[in-house]
Amino acid sequence: MLSKIVSHIPEQFAIAREGVPVIVLMAAVTVASWIGVVLANSQIVFWGAVLLTIITGGVVFLFRSPHRITPDLADLDIVSPADGKIISIGPARESEFLKRDVLRISIFLSLVDVHVNWFPVSGVVKYKRCTDGKCLPAYLDNASNRNKRVSIGIECDDGFCMTVVQITGLVARRIKCHLNVGQHVSRGDRYGMICFGSRVDIFVPRETSLIVKKGDRVYGGITIIGRKCRSHGKNKNFSS
């Protein structure tokens, strides 16, 4: 029923399916509060209804899922998996899927950013792991390996491999990742979200040519963050 409601919302005004139960509940409570205003004729009830209306509008805004058309790109291009700000770029050790020294690009998603996530490349999901952890502020460097997170490893047809990690933060508590190992995915398609923002880390081979820099704003499914090295075949991972 809820899925049918979402499917009839114009794409430019679409909301993420993860937010539908929350929005329906908030809307019902808000409508009930305005009925209470009519029946009680009370200033307290009135201002309570106004507050609930504002909160409901804010929840709808937080769960928005705008239609994105990935531009015509080259096979080597890697797009951003999230909206937000690049807060760090540097060397790191990725010990889950790639199991090697890599480059890490961290994107911070504020409360006003879109919280949906997109595939940065096309390929096959070779790895998925959910890790429990703390809820430290997402902008802290150690949030990458101490907070609750969901990691996925993608292998492209050309052998290029990368890891994308959804990470919770101080406000975010829930991560949605609609994927299974072995699933074929396409660059620019949506695959989940971090409820109420937070952080996404991208791990790519050191040979990858990055286009973005620290401080840049990026948009999921649209902004090119880097390009695969033309010799990416040697990065192929067989440890799935």
# chains A, B, ... in the order shown; residues from 1 in each chain; ligands from 1
call {"tool": "residues_around", "arguments": {"residues": "region 25-33 of chain A", "least_positions_apart": "6", "cutoff": "12 Å", "atoms": "only C-alpha atoms", "output": "PDB file with C-alpha atoms, in the first residue's frame"}}
result
ATOM      1  CA  LEU A   2       2.713   2.468   1.031  1.00  0.00           C
ATOM      2  CA  GLY A  19      10.623   7.438   5.220  1.00  0.00           C
ATOM      3  CA  LEU A  39     -12.734  20.925  18.976  1.00  0.00           C
ATOM      4  CA  ALA A  40     -10.832  22.454  21.894  1.00  0.00           C
ATOM      5  CA  ASN A  41     -10.417  26.035  20.648  1.00  0.00           C
ATOM      6  CA  SER A  42      -7.257  26.298  22.763  1.00  0.00           C
ATOM      7  CA  ILE A  44      -1.942  25.667  23.561  1.00  0.00           C
ATOM      8  CA  VAL A  45      -3.429  23.040  21.251  1.00  0.00           C
ATOM      9  CA  PHE A  46      -3.140  25.465  18.321  1.00  0.00           C
ATOM     10  CA  TRP A  47       0.559  26.109  18.829  1.00  0.00           C
ATOM     11  CA  GLY A  48       1.127  22.409  19.393  1.00  0.00           C
ATOM     12  CA  ALA A  49      -0.491  21.720  16.011  1.00  0.00           C
ATOM     13  CA  VAL A  50       1.657  24.382  14.378  1.00  0.00           C
ATOM     14  CA  LEU A  51       4.798  22.819  15.868  1.00  0.00           C
ATOM     15  CA  LEU A  52       3.780  19.344  14.691  1.00  0.00           C
ATOM     16  CA  THR A  53       3.120  20.698  11.190  1.00  0.00           C
ATOM     17  CA  ILE A  54       6.611  22.203  11.041  1.00  0.00           C
ATOM     18  CA  ILE A  55       8.191  18.989  12.324  1.00  0.00           C
ATOM     19  CA  THR A  56       6.262  16.901   9.785  1.00  0.00           C
ATOM     20  CA  GLY A  57       7.406  19.205   6.996  1.00  0.00           C
ATOM     21  CA  GLY A  58      10.972  18.827   8.219  1.00  0.00           C
ATOM     22  CA  VAL A  59      10.689  15.031   8.217  1.00  0.00           C
ATOM     23  CA  VAL A  60       9.373  15.060   4.637  1.00  0.00           C
TER      24      VAL A  60
END
call {"tool": "select_by_dssp", "arguments": {"residues": "region 40-152 of chain A", "states": "strand (DSSP E)", "output": "JSON, numbers by chain"}}
result
{"A": [77, 78, 79, 84, 85, 86, 87, 88, 89, 90, 91, 92, 93, 94, 100, 101, 102, 103, 104, 105, 106, 107, 108, 109, 116, 117, 118, 123, 124, 125, 126, 127, 128, 129, 130, 131, 149, 150, 151, 152]}
call {"tool": "closest_atom_pairs", "arguments": {"of": "region 138-211 of chain A", "to": "region 75-87 of chain A", "cutoff": "12 Å", "atoms": "only C-alpha atoms", "output": "CSV"}}
result
residue,atom,partner,partner_atom,distance
A:Ala138,CA,A:Ile87,CA,10.0
A:Tyr139,CA,A:Ile87,CA,7.2
A:Leu140,CA,A:Ile87,CA,9.4
A:Asp141,CA,A:Ile87,CA,9.2
A:Ser144,CA,A:Ile87,CA,12.0
A:Ile152,CA,A:Pro81,CA,11.9
A:Cys156,CA,A:Asp75,CA,10.1
A:Asp157,CA,A:Asp75,CA,10.4
A:Asp158,CA,A:Asp75,CA,9.4
A:Gly159,CA,A:Leu76,CA,11.6
A:Phe160,CA,A:Leu76,CA,9.4
A:Cys161,CA,A:Ile78,CA,11.4
A:Met162,CA,A:Ile78,CA,10.1
A:Thr163,CA,A:Pro81,CA,11.0
A:Val164,CA,A:Pro81,CA,8.0
A:Val165,CA,A:Pro81,CA,9.7
A:Gln166,CA,A:Ala82,CA,9.6
A:Ile167,CA,A:Ala82,CA,11.7
A:Ser186,CA,A:Val79,CA,11.3
A:Arg187,CA,A:Val79,CA,7.6
A:Gly188,CA,A:Val79,CA,7.4
A:Asp189,CA,A:Pro81,CA,9.4
A:Arg190,CA,A:Pro81,CA,8.7
A:Tyr191,CA,A:Pro81,CA,9.5
A:Gly192,CA,A:Pro81,CA,10.2
A:Met193,CA,A:Ala82,CA,9.0
A:Ile194,CA,A:Ala82,CA,9.9
A:Gly197,CA,A:Gly84,CA,9.1
A:Ser198,CA,A:Gly84,CA,9.2
A:Arg199,CA,A:Gly84,CA,8.4
A:Val200,CA,A:Ala82,CA,7.0
A:Asp201,CA,A:Pro81,CA,9.1
A:Ile202,CA,A:Pro81,CA,8.3
A:Phe203,CA,A:Ile78,CA,11.6
A:Val204,CA,A:Ile78,CA,10.0
A:Thr208,CA,A:Ile78,CA,9.6
A:Ser209,CA,A:Asp77,CA,9.6
A:Leu210,CA,A:Ile78,CA,9.2
A:Ile211,CA,A:Ile78,CA,9.7
call {"tool": "atom_distance", "arguments": {"atom1": "CA of Val125 (chain A)", "atom2": "CA of Ile15 (chain A)"}}
result
25.3 Å
call {"tool": "atom_distance", "arguments": {"atom1": "CA of Ile69 (chain A)", "atom2": "CA of Phe119 (chain A)"}}
result
12.6 Å
